[in-house]
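*Asks:* Below is the file model_25.csv, with CSV, C-alpha atoms and all ligand atoms.
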chain,number,residue,atom,x,y,z
I,265,MET,CA,177.5,183.8,181.9
I,266,GLU,CA,180.1,184.0,184.6
I,267,LEU,CA,179.3,185.3,188.0
I,268,THR,CA,182.0,187.5,189.5
I,269,ILE,CA,182.6,188.1,193.2
I,270,ASN,CA,184.1,191.4,194.1
I,271,LYS,CA,185.3,191.2,197.7
I,272,THR,CA,185.2,194.3,200.0
I,273,GLU,CA,187.2,194.9,203.1
I,274,ASN,CA,184.6,197.2,204.5
I,275,LEU,CA,182.5,194.9,206.7
I,276,LYS,CA,179.7,195.9,209.0
I,277,SER,CA,179.5,194.7,212.6
I,278,ARG,CA,176.7,192.2,212.8
I,279,PRO,CA,173.7,193.0,215.2
I,280,ASP,CA,172.8,190.8,218.1
I,281,ASP,CA,169.9,188.4,217.3
I,282,ASP,CA,167.7,190.1,219.9
I,283,LYS,CA,168.1,193.4,218.2
I,284,LEU,CA,166.7,192.2,214.8
I,285,GLY,CA,163.4,193.6,213.7
I,286,PHE,CA,162.2,193.3,210.1
I,287,GLY,CA,163.8,194.8,207.0
I,288,SER,CA,165.9,197.6,208.3
I,289,LEU,CA,169.4,195.9,208.5
I,290,PHE,CA,171.2,194.7,205.5
I,291,THR,CA,174.3,192.5,205.0
I,292,ASP,CA,177.7,193.4,203.5
I,293,TYR,CA,177.1,192.1,200.0
I,294,MET,CA,174.4,192.1,197.3
I,295,PHE,CA,173.8,190.5,193.9
I,296,ASN,CA,173.5,192.8,190.8
I,297,MET,CA,172.9,192.0,187.2
I,298,ASP,CA,171.9,194.3,184.3
I,299,TYR,CA,169.9,193.9,181.1
I,300,ASN,CA,169.9,195.6,177.7
I,301,PRO,CA,168.4,194.4,174.5
I,302,GLU,CA,171.8,193.9,172.8
I,303,GLU,CA,173.4,191.7,175.5
I,304,GLY,CA,170.4,190.3,177.4
I,305,TRP,CA,171.2,189.9,181.1
I,306,PHE,CA,174.9,190.6,181.6
I,307,ASN,CA,177.5,191.3,184.2
I,308,PRO,CA,176.2,189.2,187.1
I,309,ARG,CA,178.2,190.1,190.2
I,310,ILE,CA,178.3,189.8,193.9
I,311,GLU,CA,179.7,193.0,195.3
I,312,ALA,CA,179.5,195.3,198.3
I,313,TYR,CA,175.9,196.3,199.4
I,314,GLN,CA,175.7,199.8,198.0
I,315,ALA,CA,173.3,202.7,197.0
I,316,PHE,CA,172.2,203.0,193.3
I,317,GLN,CA,172.9,206.2,191.4
I,318,MET,CA,169.9,207.0,189.3
I,319,ASP,CA,168.8,209.6,186.8
I,320,PRO,CA,165.7,211.3,188.1
I,321,ALA,CA,163.9,210.2,184.9
I,322,THR,CA,164.5,206.5,185.6
I,323,MET,CA,161.3,204.8,184.5
I,324,VAL,CA,160.7,202.7,187.7
I,325,LEU,CA,160.4,205.9,189.7
I,326,HIS,CA,157.6,207.2,187.5
I,327,TYR,CA,155.6,204.2,186.3
I,328,GLY,CA,156.3,201.6,188.8
I,329,GLN,CA,157.7,198.9,186.5
I,330,ALA,CA,159.1,196.7,189.3
I,331,VAL,CA,158.6,193.1,190.5
I,332,PHE,CA,160.1,191.3,193.5
I,333,GLU,CA,160.2,188.2,195.6
I,334,GLY,CA,160.4,187.4,199.3
I,335,LEU,CA,161.9,184.3,200.7
I,336,LYS,CA,164.0,183.2,203.7
I,337,ALA,CA,167.2,181.2,204.5
I,338,PHE,CA,167.1,179.3,207.8
I,339,ARG,CA,169.8,178.1,210.1
I,340,ASN,CA,169.1,174.7,211.7
I,341,GLU,CA,170.3,173.6,215.2
I,342,ALA,CA,173.4,171.9,213.7
I,343,GLY,CA,174.4,175.3,212.0
I,344,ALA,CA,173.6,174.3,208.4
I,345,ILE,CA,171.7,176.8,206.2
I,346,SER,CA,168.8,175.9,204.0
I,347,LEU,CA,166.3,177.5,201.7
I,348,PHE,CA,162.6,176.7,201.5
I,349,ARG,CA,161.1,176.2,197.9
I,350,ALA,CA,163.4,178.9,196.6
I,351,ARG,CA,163.1,177.7,193.0
I,352,ASP,CA,159.4,178.4,193.1
I,353,ASN,CA,160.2,182.0,194.0
I,354,PHE,CA,162.3,182.4,190.9
I,355,LYS,CA,159.7,180.8,188.8
I,356,ARG,CA,157.1,183.2,190.2
I,357,LEU,CA,159.5,186.1,189.6
I,358,ASN,CA,159.6,185.2,185.9
I,359,ARG,CA,155.8,185.0,185.8
I,360,SER,CA,155.5,188.4,187.4
I,361,SER,CA,158.1,189.7,184.9
I,362,ARG,CA,156.1,188.5,181.9
I,363,ALA,CA,153.1,190.4,183.2
I,364,LEU,CA,155.0,193.6,183.5
I,365,CYS,CA,156.9,193.3,180.1
I,366,ILE,CA,160.2,192.7,182.0
I,367,PRO,CA,162.6,190.2,180.3
I,368,GLU,CA,162.7,186.8,182.0
I,369,SER,CA,165.9,185.6,183.7
I,370,ASP,CA,167.4,182.1,183.8
I,371,GLU,CA,165.9,180.5,186.9
I,372,ASN,CA,168.7,178.1,187.5
I,373,PHE,CA,171.3,180.9,187.1
I,374,VAL,CA,169.8,183.3,189.6
I,375,TYR,CA,169.1,180.4,192.0
I,376,ASP,CA,172.8,179.5,191.9
I,377,ALA,CA,173.7,183.1,192.2
I,378,LEU,CA,171.6,183.3,195.4
I,379,ARG,CA,173.3,180.2,196.8
I,380,GLN,CA,176.7,181.8,196.2
I,381,LEU,CA,175.6,185.1,197.8
I,382,LEU,CA,174.4,183.1,200.8
I,383,THR,CA,177.7,181.2,200.9
I,384,VAL,CA,179.6,184.6,201.0
I,385,GLU,CA,177.1,185.9,203.7
I,386,LYS,CA,176.5,182.7,205.7
I,387,GLU,CA,177.7,184.4,209.0
I,388,TRP,CA,174.7,186.8,208.6
I,389,VAL,CA,172.1,184.0,209.0
I,390,PRO,CA,171.1,184.5,212.6
I,391,HIS,CA,171.2,181.6,215.1
I,392,SER,CA,168.3,182.2,217.6
I,393,PRO,CA,165.1,180.3,217.4
I,394,GLY,CA,162.6,181.9,214.9
I,395,THR,CA,165.2,184.2,213.3
I,396,SER,CA,166.1,184.0,209.6
I,397,LEU,CA,167.8,185.8,206.8
I,398,TYR,CA,165.1,187.5,204.6
I,399,ILE,CA,165.9,187.5,200.9
I,400,ARG,CA,164.6,190.2,198.5
I,401,PRO,CA,165.2,189.6,194.8
I,402,THR,CA,163.9,192.7,192.8
I,403,ILE,CA,163.9,193.8,189.2
I,404,ILE,CA,163.5,197.5,188.2
I,405,ALA,CA,163.1,199.4,185.0
I,406,THR,CA,166.2,201.6,184.4
I,407,ASP,CA,165.7,203.6,181.2
I,408,PRO,CA,165.9,207.4,181.8
I,409,PHE,CA,162.8,208.2,179.9
I,410,LEU,CA,159.4,209.9,180.5
I,411,GLY,CA,157.4,208.4,177.7
I,412,VAL,CA,155.1,205.6,178.7
I,413,ARG,CA,156.3,202.2,177.4
I,414,ALA,CA,158.2,199.2,178.8
I,415,SER,CA,161.8,200.0,179.6
I,416,HIS,CA,164.5,198.6,177.4
I,417,THR,CA,167.0,198.3,180.3
I,418,TYR,CA,166.7,196.7,183.7
I,419,ARG,CA,168.6,196.0,187.0
I,420,PHE,CA,168.1,192.7,188.8
I,421,PHE,CA,169.3,192.7,192.4
I,422,ILE,CA,169.1,190.6,195.5
I,423,ILE,CA,169.6,192.1,199.0
I,424,LEU,CA,169.6,190.2,202.3
I,425,SER,CA,168.2,191.3,205.7
I,426,PRO,CA,168.6,189.4,209.0
I,427,VAL,CA,165.2,189.3,210.6
I,428,GLY,CA,164.0,188.6,214.2
I,429,ALA,CA,161.5,186.0,215.3
I,430,TYR,CA,158.1,187.1,213.8
I,431,TYR,CA,156.3,185.9,216.9
I,432,ALA,CA,158.8,187.2,219.5
I,433,GLU,CA,155.7,188.4,221.6
I,434,GLY,CA,153.8,185.1,221.1
I,435,PHE,CA,151.7,183.6,218.4
I,436,ASN,CA,148.7,185.8,218.9
I,437,PRO,CA,145.6,186.2,216.7
I,438,VAL,CA,145.2,189.6,214.9
I,439,LYS,CA,142.2,191.8,214.3
I,440,ILE,CA,141.2,192.2,210.7
I,441,TRP,CA,139.2,195.0,209.0
I,442,VAL,CA,137.2,194.1,205.9
I,443,SER,CA,137.4,197.0,203.5
I,444,LYS,CA,134.2,197.9,201.8
I,445,THR,CA,135.6,200.9,199.9
I,446,HIS,CA,139.0,199.8,198.6
I,447,VAL,CA,140.2,196.9,196.6
I,448,ARG,CA,143.8,195.7,196.2
I,449,ALA,CA,143.5,194.3,192.6
I,450,VAL,CA,141.1,193.5,189.9
I,451,ARG,CA,140.9,190.6,187.5
I,452,GLY,CA,142.9,191.5,184.4
I,453,GLY,CA,145.2,193.7,186.5
I,454,LEU,CA,148.4,192.9,188.4
I,455,GLY,CA,147.0,191.1,191.5
I,456,GLU,CA,148.4,187.7,190.7
I,457,ASN,CA,151.9,189.1,190.3
I,458,LYS,CA,154.4,190.2,192.9
I,459,ALA,CA,154.4,193.8,191.5
I,460,ALA,CA,155.5,196.8,193.6
I,461,ALA,CA,152.4,198.6,192.3
I,462,ASN,CA,150.0,196.2,194.1
I,463,TYR,CA,151.5,197.4,197.4
I,464,ALA,CA,151.1,201.1,196.5
I,465,ALA,CA,147.4,200.3,195.9
I,466,SER,CA,147.1,198.7,199.3
I,467,LEU,CA,148.5,201.4,201.5
I,468,TYR,CA,145.5,203.7,202.0
I,469,ALA,CA,143.1,201.0,203.2
I,470,GLY,CA,145.9,199.7,205.4
I,471,GLU,CA,146.2,203.1,207.1
I,472,GLN,CA,142.5,203.2,207.6
I,473,ALA,CA,142.5,199.8,209.3
I,474,HIS,CA,145.4,200.9,211.6
I,475,LYS,CA,143.6,204.1,212.6
I,476,ASN,CA,140.7,202.0,213.7
I,477,GLY,CA,142.8,199.6,215.7
I,478,TYR,CA,143.0,196.8,213.2
I,479,THR,CA,146.2,195.1,212.1
I,480,GLN,CA,145.4,194.2,208.4
I,481,VAL,CA,142.8,194.6,205.7
I,482,LEU,CA,140.7,191.8,204.4
I,483,TRP,CA,140.4,192.4,200.7
I,484,LEU,CA,137.3,191.6,198.8
I,485,ASP,CA,137.2,191.0,195.0
I,486,GLY,CA,137.4,194.1,192.9
I,487,VAL,CA,134.4,193.3,190.7
I,488,GLU,CA,131.5,192.6,193.1
I,489,GLN,CA,133.2,193.4,196.4
I,490,LYS,CA,131.6,190.2,197.7
I,491,TYR,CA,134.2,187.4,197.6
I,492,VAL,CA,137.1,187.1,200.0
I,493,GLU,CA,140.6,187.4,198.3
I,494,GLU,CA,143.5,188.0,200.7
I,495,ILE,CA,144.4,189.6,204.0
I,496,GLY,CA,147.1,192.3,204.0
I,497,ALA,CA,149.9,190.8,201.8
I,498,MET,CA,148.9,187.2,202.8
I,499,ASN,CA,146.6,184.5,201.4
I,500,ILE,CA,143.6,183.6,203.6
I,501,PHE,CA,142.2,180.3,204.8
I,502,PHE,CA,139.1,179.3,206.8
I,503,VAL,CA,138.3,176.2,208.7
I,504,ILE,CA,134.6,175.6,208.4
I,505,ASN,CA,133.2,172.2,209.6
I,506,ASP,CA,136.7,170.8,209.7
I,507,GLU,CA,137.2,171.7,206.0
I,508,LEU,CA,140.1,173.8,205.0
I,509,ILE,CA,138.9,176.4,202.5
I,510,THR,CA,140.8,179.1,200.6
I,511,PRO,CA,139.7,181.4,197.7
I,512,MET,CA,140.6,179.8,194.4
I,513,LEU,CA,143.2,181.6,192.2
I,514,ASN,CA,141.1,183.9,190.0
I,515,GLY,CA,143.7,186.3,188.5
I,516,SER,CA,143.7,188.9,191.2
I,517,ILE,CA,145.0,186.6,194.0
I,518,LEU,CA,148.7,186.1,194.5
I,519,PRO,CA,149.6,182.4,194.3
I,520,GLY,CA,151.5,182.2,197.6
I,521,ILE,CA,154.1,179.5,198.1
I,522,THR,CA,153.0,179.2,201.8
I,523,ARG,CA,149.4,178.9,200.5
I,524,ASP,CA,150.4,175.9,198.4
I,525,SER,CA,152.4,174.4,201.2
I,526,VAL,CA,149.4,174.6,203.6
I,527,MET,CA,147.1,172.9,201.0
I,528,GLN,CA,149.6,170.1,200.5
I,529,LEU,CA,150.1,169.6,204.3
I,530,GLY,CA,146.3,169.6,204.8
I,531,ARG,CA,145.8,167.0,202.2
I,532,HIS,CA,148.8,165.0,203.5
I,533,TRP,CA,147.0,164.9,206.9
I,534,GLY,CA,143.8,163.7,205.2
I,535,MET,CA,141.9,167.0,205.6
I,536,THR,CA,139.4,168.1,203.0
I,537,VAL,CA,141.1,171.1,201.3
I,538,THR,CA,139.0,173.2,198.9
I,539,GLU,CA,139.8,176.1,196.6
I,540,ARG,CA,136.7,177.9,195.7
I,541,GLN,CA,134.9,181.3,195.8
I,542,ILE,CA,133.9,182.2,199.3
I,543,SER,CA,131.8,185.3,200.0
I,544,ILE,CA,132.2,187.4,203.1
I,545,ASP,CA,128.5,186.7,203.8
I,546,GLU,CA,129.2,183.0,203.9
I,547,VAL,CA,132.0,183.6,206.4
I,548,PHE,CA,129.7,185.6,208.7
I,549,ASP,CA,126.8,183.1,208.2
I,550,ALA,CA,129.2,180.2,209.2
I,551,HIS,CA,130.1,182.2,212.3
I,552,LYS,CA,126.4,182.6,213.1
I,553,ALA,CA,125.8,178.9,212.6
I,554,GLY,CA,128.7,178.0,214.8
I,555,THR,CA,130.7,176.2,212.0
I,556,LEU,CA,133.5,178.8,211.5
I,557,GLN,CA,136.3,177.3,213.6
I,558,GLU,CA,139.4,179.2,212.4
I,559,ALA,CA,140.7,181.8,210.0
I,560,PHE,CA,144.3,182.6,209.2
I,561,GLY,CA,146.6,184.3,206.8
I,562,THR,CA,149.6,182.6,205.1
I,563,GLY,CA,152.8,184.1,203.8
I,564,THR,CA,156.6,183.9,204.0
I,565,ALA,CA,157.1,186.5,206.7
I,566,ALA,CA,154.6,185.3,209.3
I,567,VAL,CA,154.1,181.7,208.0
I,568,ILE,CA,150.6,181.5,209.7
I,569,SER,CA,148.8,184.5,211.1
I,570,PRO,CA,145.7,183.5,213.0
I,571,VAL,CA,142.7,185.8,212.8
I,572,GLY,CA,140.9,186.5,216.1
I,573,GLU,CA,138.4,189.2,215.0
I,574,LEU,CA,136.8,190.3,211.8
I,575,LYS,CA,135.0,193.6,211.3
I,576,TYR,CA,132.7,194.1,208.3
I,577,ASP,CA,130.5,197.2,208.3
I,578,ASP,CA,129.0,197.3,211.8
I,579,GLN,CA,129.3,193.6,212.4
I,580,VAL,CA,132.2,192.4,214.5
I,581,ILE,CA,132.8,188.7,215.1
I,582,THR,CA,135.3,186.9,217.3
I,583,ILE,CA,136.7,183.7,215.8
I,584,GLY,CA,137.7,180.7,218.1
I,585,GLU,CA,137.2,182.9,221.2
I,586,GLY,CA,140.2,184.9,220.0
I,587,GLN,CA,142.6,182.0,220.6
I,588,VAL,CA,145.0,180.3,218.2
I,589,GLY,CA,143.1,177.3,216.6
I,590,ALA,CA,144.3,173.8,216.5
I,591,VAL,CA,144.8,173.7,212.7
I,592,SER,CA,146.6,177.1,212.7
I,593,GLN,CA,149.0,175.8,215.4
I,594,LYS,CA,149.6,172.5,213.7
I,595,LEU,CA,150.3,174.1,210.4
I,596,TYR,CA,152.6,176.6,211.9
I,597,ASP,CA,154.5,173.9,213.8
I,598,ALA,CA,154.7,171.6,210.8
I,599,LEU,CA,156.0,174.3,208.4
I,600,THR,CA,158.6,175.8,210.8
I,601,ASP,CA,159.7,172.3,211.8
I,602,ILE,CA,160.4,171.5,208.1
I,603,GLN,CA,162.0,174.9,207.5
I,604,TYR,CA,164.4,174.6,210.5
I,605,ARG,CA,164.8,170.9,209.6
I,606,ARG,CA,163.7,169.6,213.0
I,607,VAL,CA,161.8,166.9,211.2
I,608,GLU,CA,162.1,165.0,207.9
I,609,ASP,CA,160.7,166.9,204.9
I,610,PRO,CA,158.5,164.5,203.0
I,611,PHE,CA,157.8,167.1,200.3
I,612,GLY,CA,161.4,167.9,199.1
I,613,TRP,CA,160.9,171.6,200.0
I,614,VAL,CA,164.2,172.3,201.8
I,615,GLU,CA,167.5,172.5,200.0
I,616,GLU,CA,170.8,173.0,201.9
I,617,VAL,CA,173.0,175.9,200.8
I,701,LIG,C1,154.0,187.6,198.7
I,701,LIG,C2,152.5,187.6,198.9
I,701,LIG,C3,151.7,186.6,199.5
I,701,LIG,C4,152.4,185.4,200.1
I,701,LIG,O1,153.2,184.6,199.3
I,701,LIG,P1,154.2,183.6,199.9
I,701,LIG,O2,154.8,183.0,198.7
I,701,LIG,O3,153.5,182.6,200.7
I,701,LIG,O4,155.2,184.4,200.7
I,701,LIG,C5,150.4,186.7,199.5
I,701,LIG,N1,149.7,187.8,199.0
I,701,LIG,C6,150.4,188.8,198.5
I,701,LIG,C7,149.6,189.9,197.9
I,701,LIG,C8,151.8,188.8,198.4
I,701,LIG,O5,152.4,189.8,197.8
Written as structure tokens, how would this file's structure read?
Ligand SMILES: *Cc1c(COP(=O)(O)O)cnc(C)c1O

*Replies:*
Amino acid sequence: MELTINKTENLKSRPDDDKLGFGSLFTDYMFNMDYNPEEGWFNPRIEAYQAFQMDPATMVLHYGQAVFEGLKAFRNEAGAISLFRARDNFKRLNRSSRALCIPESDENFVYDALRQLLTVEKEWVPHSPGTSLYIRPTIIATDPFLGVRASHTYRFFIILSPVGAYYAEGFNPVKIWVSKTHVRAVRGGLGENKAAANYAASLYAGEQAHKNGYTQVLWLDGVEQKYVEEIGAMNIFFVINDELITPMLNGSILPGITRDSVMQLGRHWGMTVTERQISIDEVFDAHKAGTLQEAFGTGTAAVISPVGELKYDDQVITIGEGQVGAVSQKLYDALTDIQYRRVEDPFGWVEEV
């Protein structure tokens, strides 16, 4: 398959680095590729960022057959651009695709297409500390049809959005609301896949948390509503008695690339890192016993998001006196140092574009 590049004269003016938020500005170009059963994936192209025209009956609009990824490109101090574990994102995209009956794509091909898109758009990778270019690969079902079945045709696209420093106002712990009424996903469902539908399921509880002055929801398992699964759209870790603990992958937890990186770093430093079931009662008991040292979320957007307060029912606990813990800080520094190539990368995670 040959990737074509269609140049446009119609270029936007680039925003100042200090005006970047998250996810509302997009670059000049995008990647598009289509699928039908006769040709497989075809017509891969880099072309002007543009709106889609869709039939109102397009299947993704009705039944949510869509998967996506989220990753970042970073500019280092010398000006070079690199990706962090990007191949893992395309591997996970294929895993998500399989779960939603979407045809798989060639991981090497789309990885190379992304690199070419970034080469065309390299001026869009911002320079200021903490900024990056957020990358959103997405696949949507495109048959115009109202019957319920998997679509026969698809669109694969990648868009790019320059984003500001996540912690522009400082690396501060957030307040988390444990939902007793809502669950994000259940075993046997879509929870372990990056499916758009999971986000639709998370919105109501998220709004409830916000209305009560909390930043994110801590999700419990969908079967017993007893075991900790994730916070917001992040994986979760606890430091209890100097041990790094995260819920084991059980089918309803998203296997985060940041989660995996944190576990590898912890082990590299000689920490005990454990993946196991952990109940919300155990977390509150550890706090009572004085052994709960830290809690934090992990994900591409925030990297590490320290938790300062947890509310479950009528119990509210403050973790680490509401300050950023030593392990959270060390992990955040280590991961961002590798991403921005301020230090050697002993894991082979970064690849220059
Ligand atoms: C994307 C995502 C994460 C984090 O994954 P990363 O690969 O670390 O960015 C965690 N939980 C959910 C539900 C997600 O969608």

*Asks:* Looking at I:Asn436, I:Ser543, I:Ser443, I:Ser466, which one is nearest to ligand LIG 701 (chain I), with distances taken over only C-alpha atoms and all ligand atoms?

*Replies:*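 The closest residue to ligand LIG 701 (chain I) is I:Ser466.
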
*Asks:* Write as a PyMOL selection string the residues around ligand LIG 701 (chain I), taking 8 Å as the cut-off and counting only C-alpha atoms and all ligand atoms.

*Replies:* chain I and resi 333-335+353+455-459+462-463+494-499+517-524+562-565+567

*Asks:* What's the 6 Å shell around I:Pro408, counting all atoms listed in the file, without same-chain residues fewer than 2 positions away, as a list in words?

*Replies:*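 My reading of the contact set: Ala321, Thr322 and Met323 of chain I.
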
*Asks:* Go through I:Glu368, I:Phe409, I:Ile403, I:Leu267 and flag the residue nearest I:Asp319, using all atoms listed in the file for the distances.

*Replies:*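 Among I:Glu368, I:Phe409, I:Ile403, I:Leu267, it is I:Phe409 that comes nearest to I:Asp319.
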
*Asks:* What is the distance between atom CA of I:Gln317 and atom CA of I:Ala337, in Å to one decimal?

*Replies:* 28.8 Å

*Asks:* Around (137.4, 198.3, 196.2) in the file's frame, which residues reach within 9 Å when counting all atoms listed in the file? Return as a list in words?

*Replies:*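 I get Ser443, Lys444, Thr445, His446, Val447, Arg448, Ala449, Val450, Trp483, Leu484, Asp485, Gly486, Val487, Glu488 and Gln489 of chain I for the residues within 9 Å of that point.
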
*Asks:* What is the atom CA of I:Leu424 to atom CA of I:Ile345 distance in Å?

*Replies:* 14.1 Å

*Asks:* Which residues come within 9 Å of I:Leu595, counting all atoms listed in the file, excluding same-chain residues fewer than 3 positions away, as a list in words?

*Replies:*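 Residues meeting the cut-off are Val526, Leu529, Gly530, Val567, Ile568, Ala590, Val591, Ser592, Ala598, Leu599 and Thr600 of chain I.
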
*Asks:* For a cut-off of 12 Å around (174.5, 202.5, 190.7), file coordinates, pick out all residues using all atoms listed in the file and list them as a list in words.

*Replies:*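 Looking at atoms near the point gives Asn296, Met297, Asp298, Glu311, Ala312, Tyr313, Gln314, Ala315, Phe316, Gln317, Met318, Asp319, Thr322, Thr406, Tyr418, Arg419, Phe420 and Phe421 of chain I.
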
*Asks:* Kindly indicate which residue among I:Ile583, I:Val331, I:Ala460, I:Ile269 lies nearest to I:Pro401, using only C-alpha atoms for the distances.

*Replies:*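 Nearest candidate to I:Pro401 out of I:Ile583, I:Val331, I:Ala460, I:Ile269: I:Val331.
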
*Asks:* Quick one: everything within 12 Å of I:Glu371, counting only C-alpha atoms, minus sequence neighbours fewer than 5 positions away in the same chain. Send it as a list in words.

*Replies:* Ala350, Arg351, Asp352, Asn353, Phe354, Lys355, Arg356, Leu357, Asn358, Arg359, Asp376, Ala377 and Leu378 of chain I

*Asks:* Please measure the separation of atom CA of I:Ile310 and atom CA of I:Thr268, giving the value in Å to one decimal.

*Replies:*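 Distance between the two atoms: 6.2 Å.
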
*Asks:* So, counting all atoms listed in the file, which residue among I:Lys575, I:Arg339, I:Lys552, I:His326 is closest to I:Ser392?

*Replies:* I:Arg339

*Asks:* For I:Ser288, which residue among I:Gln603, I:Ser425, I:Gln557, I:Gln593 is the nearest when counting all atoms listed in the file?

*Replies:* I:Ser425

*Asks:* When distances are computed from all atoms listed in the file, which of I:Phe548, I:Gly394, I:Trp441, I:Pro320 shows the smallest separation from I:Lys475?

*Replies:* I:Trp441

*Asks:* Pick out the residues sitting within 12 Å of I:Ala342, and hand them over as a VMD selection string; count all atoms listed in the file, and ignore anything fewer than 2 positions along from it in its own chain.

*Replies:* chain I and resid 338 to 340 344 to 346 391 604 to 606

*Asks:* I need the residues from that last selection saved to file as a PDB file, in the coordinates of the input (with C-alpha atoms), if you can.

*Replies:*
ATOM      1  CA  PHE I 338     167.100 179.300 207.800  1.00  0.00           C
ATOM      2  CA  ARG I 339     169.800 178.100 210.100  1.00  0.00           C
ATOM      3  CA  ASN I 340     169.100 174.700 211.700  1.00  0.00           C
ATOM      4  CA  ALA I 344     173.600 174.300 208.400  1.00  0.00           C
ATOM      5  CA  ILE I 345     171.700 176.800 206.200  1.00  0.00           C
ATOM      6  CA  SER I 346     168.800 175.900 204.000  1.00  0.00           C
ATOM      7  CA  HIS I 391     171.200 181.600 215.100  1.00  0.00           C
ATOM      8  CA  TYR I 604     164.400 174.600 210.500  1.00  0.00           C
ATOM      9  CA  ARG I 605     164.800 170.900 209.600  1.00  0.00           C
ATOM     10  CA  ARG I 606     163.700 169.600 213.000  1.00  0.00           C
TER      11      ARG I 606
END

*Asks:* Can you pull out every residue within 6 Å of I:Thr555, counting all atoms listed in the file, but drop anything in the same chain fewer than 2 positions away, and send it as a short mmCIF file (atom, residue, chain, number, x, y, z; two decimals) with C-alpha atoms, keeping the file's coordinate frame?

*Replies:*
data_model
loop_
_atom_site.label_atom_id
_atom_site.label_comp_id
_atom_site.auth_asym_id
_atom_site.auth_seq_id
_atom_site.Cartn_x
_atom_site.Cartn_y
_atom_site.Cartn_z
CA ILE I 504 134.60 175.60 208.40
CA ASN I 505 133.20 172.20 209.60
CA ALA I 550 129.20 180.20 209.20
CA ALA I 553 125.80 178.90 212.60
CA GLN I 557 136.30 177.30 213.60
#
